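> Next comes input.cif, mmCIF, C-alpha atoms and all ligand atoms:
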data_entry
loop_
_atom_site.label_atom_id
_atom_site.label_comp_id
_atom_site.auth_asym_id
_atom_site.auth_seq_id
_atom_site.Cartn_x
_atom_site.Cartn_y
_atom_site.Cartn_z
CA MET A 1 -52.45 30.23 -58.61
CA ALA A 2 -49.95 30.60 -55.77
CA PHE A 3 -49.74 27.84 -53.18
CA ILE A 4 -51.31 28.30 -49.79
CA ARG A 5 -48.29 28.37 -47.51
CA ASN A 6 -47.93 28.15 -43.78
CA ASP A 7 -44.14 28.09 -43.74
CA TRP A 8 -43.65 31.84 -44.13
CA THR A 9 -40.54 33.14 -42.40
CA ILE A 10 -40.69 36.28 -40.33
CA LYS A 11 -38.35 37.91 -42.85
CA GLN A 12 -40.73 37.14 -45.70
CA VAL A 13 -43.68 38.55 -43.76
CA GLU A 14 -41.62 41.65 -43.04
CA GLU A 15 -40.69 42.03 -46.71
CA ILE A 16 -44.32 41.83 -47.78
CA TYR A 17 -45.43 44.23 -45.05
CA ASN A 18 -42.83 46.76 -46.22
CA ILE A 19 -43.62 46.68 -49.95
CA PRO A 20 -44.32 50.27 -51.10
CA LEU A 21 -47.98 50.83 -50.30
CA LEU A 22 -49.53 51.16 -53.76
CA GLU A 23 -47.59 48.15 -55.02
CA LEU A 24 -48.65 46.21 -51.90
CA ILE A 25 -52.31 47.05 -52.55
CA TYR A 26 -51.90 45.98 -56.18
CA GLN A 27 -50.33 42.65 -55.22
CA ALA A 28 -52.93 41.99 -52.52
CA ALA A 29 -55.76 42.89 -54.91
CA SER A 30 -54.31 40.45 -57.46
CA VAL A 31 -54.11 37.61 -54.93
CA HIS A 32 -57.63 38.47 -53.78
CA ARG A 33 -58.98 38.10 -57.33
CA GLU A 34 -57.29 34.75 -57.77
CA TYR A 35 -58.94 33.25 -54.71
CA ASN A 36 -62.11 35.20 -54.04
CA ASP A 37 -64.82 37.17 -55.76
CA PRO A 38 -63.70 40.76 -55.03
CA GLN A 39 -67.27 42.03 -55.30
CA GLU A 40 -68.42 39.74 -52.51
CA VAL A 41 -68.33 40.85 -48.88
CA GLN A 42 -69.67 38.81 -46.00
CA VAL A 43 -71.88 40.67 -43.57
CA CYS A 44 -71.73 39.41 -39.99
CA THR A 45 -73.61 40.49 -36.90
CA LEU A 46 -72.04 40.41 -33.48
CA LEU A 47 -74.20 40.31 -30.38
CA SER A 48 -72.96 40.57 -26.84
CA VAL A 49 -74.94 37.85 -25.05
CA LYS A 50 -73.25 38.51 -21.72
CA THR A 51 -71.70 41.91 -21.16
CA GLY A 52 -69.12 43.14 -18.68
CA GLY A 53 -67.82 41.83 -15.39
CA CYS A 54 -64.95 39.94 -17.03
CA PRO A 55 -62.10 38.93 -14.70
CA GLU A 56 -59.44 39.36 -17.42
CA ASP A 57 -57.38 42.54 -17.74
CA CYS A 58 -57.18 43.14 -21.51
CA VAL A 59 -56.16 46.80 -21.57
CA TYR A 60 -58.31 47.68 -24.57
CA CYS A 61 -61.52 46.19 -23.25
CA PRO A 62 -64.37 48.09 -21.56
CA GLN A 63 -65.82 44.78 -20.34
CA ALA A 64 -63.02 44.04 -17.90
CA ALA A 65 -64.52 44.34 -14.42
CA ARG A 66 -61.45 46.15 -13.08
CA TYR A 67 -61.86 49.20 -15.36
CA HIS A 68 -64.52 51.80 -14.75
CA THR A 69 -66.34 52.18 -18.02
CA ASP A 70 -69.79 53.20 -19.00
CA ILE A 71 -71.19 49.96 -20.41
CA ASP A 72 -74.49 48.24 -19.75
CA VAL A 73 -73.44 45.20 -17.78
CA HIS A 74 -75.84 42.29 -18.16
CA LYS A 75 -76.00 38.59 -17.41
CA LEU A 76 -76.45 35.95 -20.07
CA LEU A 77 -79.42 36.89 -22.27
CA PRO A 78 -82.39 34.53 -22.55
CA VAL A 79 -82.27 32.19 -25.55
CA GLU A 80 -85.46 33.64 -27.11
CA GLU A 81 -84.07 37.17 -27.06
CA VAL A 82 -80.88 36.04 -28.81
CA LEU A 83 -82.83 34.13 -31.45
CA GLU A 84 -84.98 37.19 -32.13
CA SER A 85 -81.80 39.20 -32.74
CA ALA A 86 -80.48 36.46 -35.02
CA LEU A 87 -83.66 36.55 -37.09
CA LYS A 88 -83.43 40.31 -37.40
CA ALA A 89 -79.78 40.02 -38.42
CA LYS A 90 -80.73 37.54 -41.13
CA GLU A 91 -83.53 39.78 -42.38
CA SER A 92 -81.14 42.70 -42.69
CA GLY A 93 -78.68 40.67 -44.78
CA SER A 94 -76.23 39.08 -42.34
CA THR A 95 -75.09 35.53 -43.04
CA ARG A 96 -73.03 35.02 -39.92
CA PHE A 97 -74.18 35.61 -36.37
CA CYS A 98 -71.55 35.81 -33.69
CA MET A 99 -72.37 35.67 -29.98
CA GLY A 100 -69.87 37.09 -27.53
CA ALA A 101 -69.76 36.47 -23.78
CA ALA A 102 -67.35 38.33 -21.52
CA TRP A 103 -65.95 35.22 -19.86
CA ARG A 104 -62.36 34.29 -19.15
CA GLU A 105 -63.17 30.74 -20.07
CA VAL A 106 -66.19 28.56 -20.55
CA ARG A 107 -67.35 26.68 -17.47
CA ASP A 108 -69.40 23.52 -17.58
CA ASN A 109 -72.51 24.99 -16.03
CA SER A 110 -76.06 26.01 -16.90
CA ASP A 111 -74.84 29.15 -18.68
CA PHE A 112 -72.89 27.00 -21.09
CA ASP A 113 -75.95 24.79 -21.61
CA GLN A 114 -77.89 27.95 -22.42
CA VAL A 115 -75.25 28.99 -24.99
CA LEU A 116 -75.50 25.53 -26.56
CA GLU A 117 -79.25 26.12 -26.94
CA MET A 118 -78.52 29.48 -28.60
CA VAL A 119 -76.11 27.79 -30.99
CA LYS A 120 -78.71 25.18 -31.93
CA GLY A 121 -81.36 27.86 -32.47
CA VAL A 122 -79.19 30.16 -34.61
CA ASN A 123 -78.06 27.19 -36.67
CA LYS A 124 -81.69 26.32 -37.39
CA ILE A 125 -82.30 29.86 -38.62
CA GLY A 126 -79.75 29.13 -41.35
CA LEU A 127 -77.00 31.49 -40.26
CA GLU A 128 -73.35 30.58 -39.85
CA VAL A 129 -73.22 30.55 -36.07
CA CYS A 130 -70.09 31.76 -34.33
CA CYS A 131 -69.22 32.23 -30.67
CA THR A 132 -66.54 34.05 -28.76
CA LEU A 133 -66.63 32.87 -25.15
CA GLY A 134 -63.02 32.87 -24.00
CA MET A 135 -60.89 29.82 -23.47
CA LEU A 136 -62.29 26.38 -24.25
CA THR A 137 -61.31 22.83 -23.37
CA GLU A 138 -61.28 20.12 -25.98
CA ASP A 139 -64.49 18.70 -24.59
CA GLN A 140 -66.31 22.04 -24.66
CA ALA A 141 -65.23 22.60 -28.26
CA GLN A 142 -66.71 19.21 -29.15
CA LYS A 143 -69.98 20.07 -27.40
CA LEU A 144 -70.23 23.34 -29.33
CA LYS A 145 -69.56 21.50 -32.56
CA LYS A 146 -72.26 18.98 -31.76
CA ALA A 147 -74.72 21.80 -31.10
CA GLY A 148 -74.00 23.10 -34.62
CA LEU A 149 -71.34 25.74 -34.07
CA TYR A 150 -69.81 26.78 -37.37
CA ALA A 151 -67.02 29.09 -36.25
CA TYR A 152 -65.26 30.15 -33.08
CA ASN A 153 -63.59 33.52 -32.63
CA HIS A 154 -60.52 33.72 -30.46
CA ASN A 155 -58.17 36.56 -31.33
CA ILE A 156 -54.47 36.43 -30.60
CA ASP A 157 -54.69 40.24 -30.28
CA THR A 158 -51.02 41.09 -30.85
CA SER A 159 -47.55 39.55 -31.09
CA GLN A 160 -46.31 36.97 -28.62
CA GLU A 161 -43.60 39.43 -27.50
CA TYR A 162 -46.04 42.28 -26.80
CA TYR A 163 -48.75 40.10 -25.29
CA ASP A 164 -47.88 40.78 -21.65
CA GLN A 165 -48.25 44.52 -22.23
CA ILE A 166 -51.85 43.94 -23.25
CA ILE A 167 -53.01 41.09 -21.03
CA THR A 168 -51.41 39.65 -17.91
CA THR A 169 -54.17 37.32 -16.74
CA ARG A 170 -53.46 34.69 -19.38
CA LYS A 171 -50.68 33.73 -21.74
CA PHE A 172 -50.31 33.82 -25.48
CA GLU A 173 -49.90 30.03 -25.39
CA ASP A 174 -53.34 29.72 -23.76
CA ARG A 175 -54.78 31.39 -26.84
CA LEU A 176 -53.02 28.97 -29.15
CA ASP A 177 -54.25 26.01 -27.07
CA THR A 178 -57.86 27.09 -27.47
CA LEU A 179 -57.36 27.64 -31.20
CA ASN A 180 -56.01 24.13 -31.35
CA HIS A 181 -59.05 22.71 -29.55
CA VAL A 182 -61.34 24.56 -31.95
CA ARG A 183 -59.44 23.22 -34.95
CA GLU A 184 -59.45 19.69 -33.55
CA ALA A 185 -63.22 19.85 -33.15
CA ASN A 186 -63.46 20.76 -36.85
CA ILE A 187 -64.92 24.18 -36.16
CA SER A 188 -63.97 27.01 -38.47
CA VAL A 189 -61.33 29.23 -36.86
CA CYS A 190 -61.70 33.00 -36.63
CA SER A 191 -58.60 34.69 -35.22
CA GLY A 192 -56.97 38.05 -35.73
CA GLY A 193 -55.92 41.02 -33.69
CA ILE A 194 -55.95 44.71 -32.97
CA ILE A 195 -53.62 47.48 -34.09
CA GLY A 196 -53.18 50.85 -32.44
CA MET A 197 -52.41 49.57 -28.93
CA GLY A 198 -48.90 51.03 -28.82
CA GLU A 199 -47.32 48.01 -30.48
CA SER A 200 -44.41 48.33 -32.91
CA VAL A 201 -44.40 47.41 -36.57
CA LYS A 202 -42.37 44.39 -35.54
CA ASP A 203 -45.26 43.29 -33.31
CA ARG A 204 -47.75 43.65 -36.15
CA ILE A 205 -45.50 41.54 -38.35
CA GLY A 206 -45.09 39.02 -35.51
CA MET A 207 -48.84 38.72 -35.07
CA LEU A 208 -49.41 38.12 -38.79
CA HIS A 209 -46.56 35.61 -38.77
CA THR A 210 -48.19 33.61 -35.96
CA LEU A 211 -51.50 33.52 -37.83
CA CYS A 212 -50.07 32.55 -41.22
CA THR A 213 -47.90 29.79 -39.77
CA LEU A 214 -50.62 28.02 -37.81
CA PRO A 215 -50.93 24.41 -39.04
CA GLU A 216 -53.95 25.64 -41.01
CA HIS A 217 -54.74 29.30 -41.64
CA PRO A 218 -57.75 30.65 -39.78
CA GLU A 219 -60.71 30.72 -42.17
CA SER A 220 -61.43 34.19 -40.90
CA VAL A 221 -58.98 36.91 -39.82
CA PRO A 222 -60.43 40.02 -38.17
CA VAL A 223 -58.23 43.11 -38.39
CA ASN A 224 -59.33 45.60 -35.77
CA ALA A 225 -58.26 49.17 -35.18
CA LEU A 226 -58.42 50.07 -31.52
CA VAL A 227 -61.45 52.11 -30.53
CA PRO A 228 -60.20 53.70 -27.30
CA VAL A 229 -62.80 53.59 -24.56
CA GLU A 230 -62.83 55.99 -21.63
CA GLY A 231 -61.93 54.23 -18.42
CA THR A 232 -59.63 51.66 -20.04
CA PRO A 233 -55.84 51.99 -19.84
CA LEU A 234 -55.73 52.71 -23.59
CA GLU A 235 -58.27 55.54 -23.47
CA GLU A 236 -55.73 58.12 -24.68
CA GLN A 237 -54.35 56.04 -27.53
CA GLU A 238 -54.08 57.81 -30.87
CA LYS A 239 -56.16 56.69 -33.82
CA VAL A 240 -54.34 54.48 -36.32
CA SER A 241 -54.23 55.84 -39.85
CA VAL A 242 -56.15 54.17 -42.63
CA TRP A 243 -52.81 53.43 -44.32
CA GLU A 244 -51.79 51.22 -41.40
CA MET A 245 -55.08 49.32 -41.66
CA VAL A 246 -54.68 48.94 -45.42
CA ARG A 247 -51.13 47.68 -44.98
CA MET A 248 -52.25 45.09 -42.41
CA ILE A 249 -55.18 43.94 -44.54
CA ALA A 250 -53.10 43.71 -47.72
CA THR A 251 -50.35 41.75 -45.97
CA ALA A 252 -52.87 39.39 -44.38
CA ARG A 253 -54.50 38.86 -47.77
CA ILE A 254 -51.20 37.91 -49.45
CA LEU A 255 -50.16 35.62 -46.59
CA MET A 256 -53.55 33.92 -46.19
CA PRO A 257 -55.17 34.13 -49.64
CA LYS A 258 -58.32 32.14 -48.86
CA ALA A 259 -59.16 33.58 -45.45
CA MET A 260 -62.03 35.97 -44.97
CA VAL A 261 -60.14 39.10 -43.95
CA ARG A 262 -62.52 41.01 -41.77
CA LEU A 263 -62.49 44.78 -41.51
CA SER A 264 -63.69 44.91 -37.93
CA ALA A 265 -63.57 47.42 -35.07
CA GLY A 266 -62.61 50.94 -36.06
CA ARG A 267 -64.75 50.97 -39.19
CA VAL A 268 -67.05 53.54 -37.59
CA ARG A 269 -64.25 56.09 -37.86
CA MET A 270 -63.57 55.39 -41.55
CA THR A 271 -65.09 57.10 -44.55
CA VAL A 272 -66.59 55.04 -47.37
CA GLU A 273 -63.51 55.93 -49.47
CA GLU A 274 -61.23 54.55 -46.76
CA GLN A 275 -63.26 51.37 -46.46
CA ALA A 276 -63.17 51.01 -50.26
CA LEU A 277 -59.38 50.99 -50.07
CA CYS A 278 -59.56 48.20 -47.49
CA PHE A 279 -61.84 46.17 -49.79
CA LEU A 280 -59.44 46.77 -52.66
CA ALA A 281 -56.58 45.54 -50.47
CA GLY A 282 -58.45 42.29 -49.83
CA ALA A 283 -60.89 42.79 -46.96
CA ASN A 284 -64.02 40.78 -47.70
CA SER A 285 -66.02 40.81 -44.54
CA ILE A 286 -67.53 43.37 -42.20
CA PHE A 287 -69.60 43.47 -39.07
CA ALA A 288 -73.03 45.04 -39.40
CA GLY A 289 -75.19 46.62 -36.73
CA ASP A 290 -74.74 49.73 -34.67
CA LYS A 291 -72.70 48.02 -31.94
CA LEU A 292 -69.65 45.77 -31.96
CA LEU A 293 -70.10 44.12 -28.57
CA THR A 294 -69.95 47.43 -26.71
CA THR A 295 -68.25 49.82 -29.15
CA PRO A 296 -69.99 51.83 -31.90
CA ASN A 297 -70.24 50.56 -35.49
CA PRO A 298 -71.80 52.05 -38.67
CA GLU A 299 -75.59 51.83 -39.09
CA VAL A 300 -77.02 49.07 -41.29
CA ALA A 301 -78.57 51.65 -43.65
CA SER A 302 -75.28 53.43 -44.28
CA ASP A 303 -73.62 50.08 -44.98
CA GLN A 304 -76.34 49.21 -47.48
CA GLU A 305 -75.70 52.53 -49.21
CA MET A 306 -71.96 51.79 -49.25
CA PHE A 307 -72.61 48.36 -50.82
CA GLN A 308 -74.65 50.06 -53.55
CA THR A 309 -72.05 52.74 -54.20
CA LEU A 310 -69.21 50.23 -54.42
CA ASN A 311 -71.33 47.60 -56.22
CA LEU A 312 -70.57 45.06 -53.53
CA LYS A 313 -72.80 42.07 -52.93
CA PRO A 314 -73.31 40.26 -49.63
CA ARG A 315 -71.78 36.82 -49.62
CA ASP A 316 -74.06 33.82 -49.09
CA ALA A 317 -73.77 31.76 -45.92
CA PHE A 318 -71.75 28.52 -45.86
CA LYS A 319 -69.44 29.40 -48.73
CA GLY A 320 -65.68 29.30 -49.11
CA ALA A 321 -62.84 27.53 -47.34
CA ALA A 322 -64.74 26.51 -44.22
CA ALA A 323 -67.75 25.31 -46.15
CA ASP A 324 -65.52 23.12 -48.36
CA LYS A 325 -64.30 21.45 -45.23
CA PHE A 326 -67.84 20.87 -43.99
CA ASP A 327 -68.68 19.32 -47.35
CA ARG A 328 -65.74 17.01 -47.03
CA GLN A 329 -66.83 16.17 -43.54
CA ALA A 330 -70.41 15.51 -44.65
CA LYS A 331 -69.16 13.07 -47.28
CA THR A 332 -67.18 11.10 -44.77
CA LEU A 333 -70.05 10.75 -42.31
S1 LIG A 401 -61.44 41.11 -24.30
FE1 LIG A 401 -62.67 39.39 -23.61
S2 LIG A 401 -61.36 38.35 -22.14
FE2 LIG A 401 -60.49 40.40 -22.39
S3 LIG A 401 -61.44 41.62 -20.75
FE3 LIG A 401 -62.70 41.86 -22.61
S4 LIG A 401 -64.31 40.34 -22.40
FE4 LIG A 401 -62.66 39.76 -20.99
#
Show the structure stored in the file as structure tokens.
Ligand code: SF4


Amino acid sequence: MAFIRNDWTIKQVEEIYNIPLLELIYQAASVHREYNDPQEVQVCTLLSVKTGGCPEDCVYCPQAARYHTDIDVHKLLPVEEVLESALKAKESGSTRFCMGAAWREVRDNSDFDQVLEMVKGVNKIGLEVCCTLGMLTEDQAQKLKKAGLYAYNHNIDTSQEYYDQIITTRKFEDRLDTLNHVREANISVCSGGIIGMGESVKDRIGMLHTLCTLPEHPESVPVNALVPVEGTPLEEQEKVSVWEMVRMIATARILMPKAMVRLSAGRVRMTVEEQALCFLAGANSIFAGDKLLTTPNPEVASDQEMFQTLNLKPRDAFKGAAADKFDRQAKTL
């Protein structure tokens, strides 16, 4: 079994990324089999608990207050409503429940207290509970951990070099700081990015390089294809081809063998055959439910049919790299 490395050079990442496609898929599929059960795919549900009105300027995002998009803006949802959704998600086969709030950063106020209640409640339901709330301080990360948070999503989105073309209201380093706070609080890290935003291949390689050279690999790496939304600066962006997604997924799989590589936004525009290629290349997680925060996603029923066709099985909660760590932590308590 190959070592888990976080000392990859940019040249090595580039070489892997540029392996002829079918050979790349073969190599990624081989690594995938060494570290994971290739039949197992984690099903996650993502709920927007606070939608729109965000002060940031991420050019891909319909929730930024400055763009005129057609989304249903709402304040933080009541705890009961969120817990009802979590129960439904569990009943339909999800093992991870992720709550997203369109905030720049978490503030120490009653909204945060409410999110902590949500985290406690979802944890009790027996789901891996994840949040994506923007930037966090060390102290806030600790509070989330104490409430039972299992994972925190904070994408780096793109390469460090291209970052200011995508977001100007914060810096790439801010992202890394939050990831560091999450890691320090012993919360499982979920971090990936988006392709199809006009970035170059070099940027895609740069983004993967940042992720695979973090002191510890993220336990979960979402690979998103941009879903252009009318009213955002990227509304006219062309669709990325499935081959670009497969190449990203396969490269991520080889670089970070144990991570859950998540086929995320953009899946709605893929056929089952295209998604099968992504699973072959090492993707082992998807989002379920008809919405991904505010953008469309395949229906639960069509996913269940896909699982049957491809003989995939949903992965149990609290399994894999992150769970090992929690076990270790439990033993030291
Ligand atoms: S991606 Fe997040 S931080 Fe950026 S505008 Fe959208 S909600 Fe705000």

> Go through A:Tyr17, A:Trp243, A:Tyr35, A:Tyr60 one by one, measure the shortest atom-to-atom distance of each to ligand LIG 401 (chain A) using all atoms listed in the file, and give the residue with the smallest value.

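Among the listed residues, the smallest separation from ligand LIG 401 (chain A) belongs to A:Tyr60.
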
> Name all residues at most 12 Å from Ala151 (chain A) (count only C-alpha atoms; drop same-chain ones fewer than 6 positions away) and give them as a ChimeraX atom specification.

/A:44,96-99,119,123,127-133,141,144-145,179,182-183,185-191,218-221,318,321-323,326

> Of the residues A:Leu226, A:Ala317, A:Met245, A:Ala288, which is the one nearest to Ser92 (chain A), using only C-alpha atoms?

A:Ala288

> Could you tell me, counting all atoms listed in the file, which protein and nucleic acid residues lie no more than 8 Å from ligand LIG 401 (chain A), written as a list in words?

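I would give the residues around ligand LIG 401 (chain A) as Thr51, Gly52, Gly53, Cys54, Pro55, Glu56, Asp57, Cys58, Val59, Tyr60, Cys61, Pro62, Gln63, Ala64, Ala65, Ala101, Ala102, Trp103, Arg104, Leu133, Gly134 and Ile167 of chain A.
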
> Have a look at A:Val49, A:Thr169, A:Glu80, A:Tyr150 and name the one nearest to Phe112 (chain A); count all atoms listed in the file.

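Using all atoms listed in the file, the shortest distance to Phe112 (chain A) belongs to A:Val49.
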
> Do you know which residues lie at most 12 Å from (-83.9, 37.5, -47.1), with coordinates as in the file and all atoms listed in the file counted, and could you write them as a PyMOL selection string?

chain A and resi 87-95+125-127+314+316-317

> If I take CA of Tyr26 (chain A) and CA of Gly282 (chain A), how far is one from the other in Å, to one decimal?

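Taking CA of Tyr26 (chain A) as the start and CA of Gly282 (chain A) as the end point, the length is 9.8 Å.
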
> Between A:Thr309, A:Gln39, A:Thr210, A:Ser200, which is the closest to Leu176 (chain A) once you count all atoms listed in the file?

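The shortest atom-to-atom distance to Leu176 (chain A) comes from A:Thr210.
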
> Using all atoms listed in the file, which of A:Ser302, A:Gln114, A:Asn224, A:Gln42 sits nearest Leu76 (chain A)?

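Nearest candidate to Leu76 (chain A) out of A:Ser302, A:Gln114, A:Asn224, A:Gln42: A:Gln114.
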
> Would you mind putting N, CA, C and O atoms back on region 242-261 of chain A and writing the result as a tab-separated table (two decimals), keeping the file's coordinate frame?


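Resulting contents of part.tsv:
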chain	number	residue	atom	x	y	z
A	242	VAL	N	-55.56	55.14	-41.71
A	242	VAL	CA	-56.15	54.17	-42.63
A	242	VAL	C	-55.04	53.41	-43.37
A	242	VAL	O	-55.18	52.24	-43.70
A	243	TRP	N	-53.91	54.08	-43.59
A	243	TRP	CA	-52.81	53.43	-44.32
A	243	TRP	C	-52.26	52.24	-43.54
A	243	TRP	O	-51.87	51.23	-44.12
A	244	GLU	N	-52.27	52.35	-42.23
A	244	GLU	CA	-51.79	51.22	-41.40
A	244	GLU	C	-52.77	50.05	-41.50
A	244	GLU	O	-52.36	48.89	-41.57
A	245	MET	N	-54.07	50.38	-41.52
A	245	MET	CA	-55.08	49.32	-41.66
A	245	MET	C	-54.94	48.66	-43.02
A	245	MET	O	-54.97	47.43	-43.14
A	246	VAL	N	-54.78	49.48	-44.06
A	246	VAL	CA	-54.68	48.94	-45.42
A	246	VAL	C	-53.46	48.04	-45.52
A	246	VAL	O	-53.51	46.96	-46.10
A	247	ARG	N	-52.37	48.48	-44.93
A	247	ARG	CA	-51.13	47.68	-44.98
A	247	ARG	C	-51.33	46.32	-44.27
A	247	ARG	O	-50.90	45.29	-44.76
A	248	MET	N	-51.99	46.35	-43.13
A	248	MET	CA	-52.25	45.09	-42.41
A	248	MET	C	-53.15	44.16	-43.24
A	248	MET	O	-52.90	42.96	-43.36
A	249	ILE	N	-54.21	44.74	-43.77
A	249	ILE	CA	-55.18	43.94	-44.54
A	249	ILE	C	-54.50	43.35	-45.77
A	249	ILE	O	-54.64	42.16	-46.07
A	250	ALA	N	-53.75	44.17	-46.49
A	250	ALA	CA	-53.10	43.71	-47.72
A	250	ALA	C	-52.10	42.60	-47.40
A	250	ALA	O	-52.04	41.58	-48.10
A	251	THR	N	-51.34	42.78	-46.33
A	251	THR	CA	-50.35	41.75	-45.97
A	251	THR	C	-51.06	40.46	-45.58
A	251	THR	O	-50.68	39.36	-46.01
A	252	ALA	N	-52.11	40.58	-44.78
A	252	ALA	CA	-52.87	39.39	-44.38
A	252	ALA	C	-53.43	38.68	-45.61
A	252	ALA	O	-53.40	37.45	-45.71
A	253	ARG	N	-53.92	39.45	-46.57
A	253	ARG	CA	-54.50	38.86	-47.77
A	253	ARG	C	-53.46	38.05	-48.56
A	253	ARG	O	-53.73	36.96	-49.04
A	254	ILE	N	-52.24	38.62	-48.68
A	254	ILE	CA	-51.20	37.91	-49.45
A	254	ILE	C	-50.76	36.65	-48.70
A	254	ILE	O	-50.56	35.59	-49.29
A	255	LEU	N	-50.64	36.75	-47.38
A	255	LEU	CA	-50.16	35.62	-46.59
A	255	LEU	C	-51.20	34.50	-46.49
A	255	LEU	O	-50.85	33.32	-46.45
A	256	MET	N	-52.47	34.90	-46.40
A	256	MET	CA	-53.55	33.92	-46.19
A	256	MET	C	-54.64	34.15	-47.26
A	256	MET	O	-55.70	34.69	-46.97
A	257	PRO	N	-54.34	33.74	-48.50
A	257	PRO	CA	-55.17	34.13	-49.64
A	257	PRO	C	-56.64	33.75	-49.53
A	257	PRO	O	-57.50	34.47	-50.03
A	258	LYS	N	-56.93	32.61	-48.87
A	258	LYS	CA	-58.32	32.14	-48.86
A	258	LYS	C	-59.12	32.64	-47.67
A	258	LYS	O	-60.33	32.45	-47.61
A	259	ALA	N	-58.44	33.18	-46.68
A	259	ALA	CA	-59.16	33.58	-45.45
A	259	ALA	C	-60.13	34.73	-45.74
A	259	ALA	O	-59.93	35.50	-46.66
A	260	MET	N	-61.18	34.78	-44.94
A	260	MET	CA	-62.03	35.97	-44.97
A	260	MET	C	-61.28	37.00	-44.12
A	260	MET	O	-61.10	36.79	-42.92
A	261	VAL	N	-60.83	38.07	-44.74
A	261	VAL	CA	-60.14	39.10	-43.95
A	261	VAL	C	-61.20	40.14	-43.56
A	261	VAL	O	-61.85	40.73	-44.42
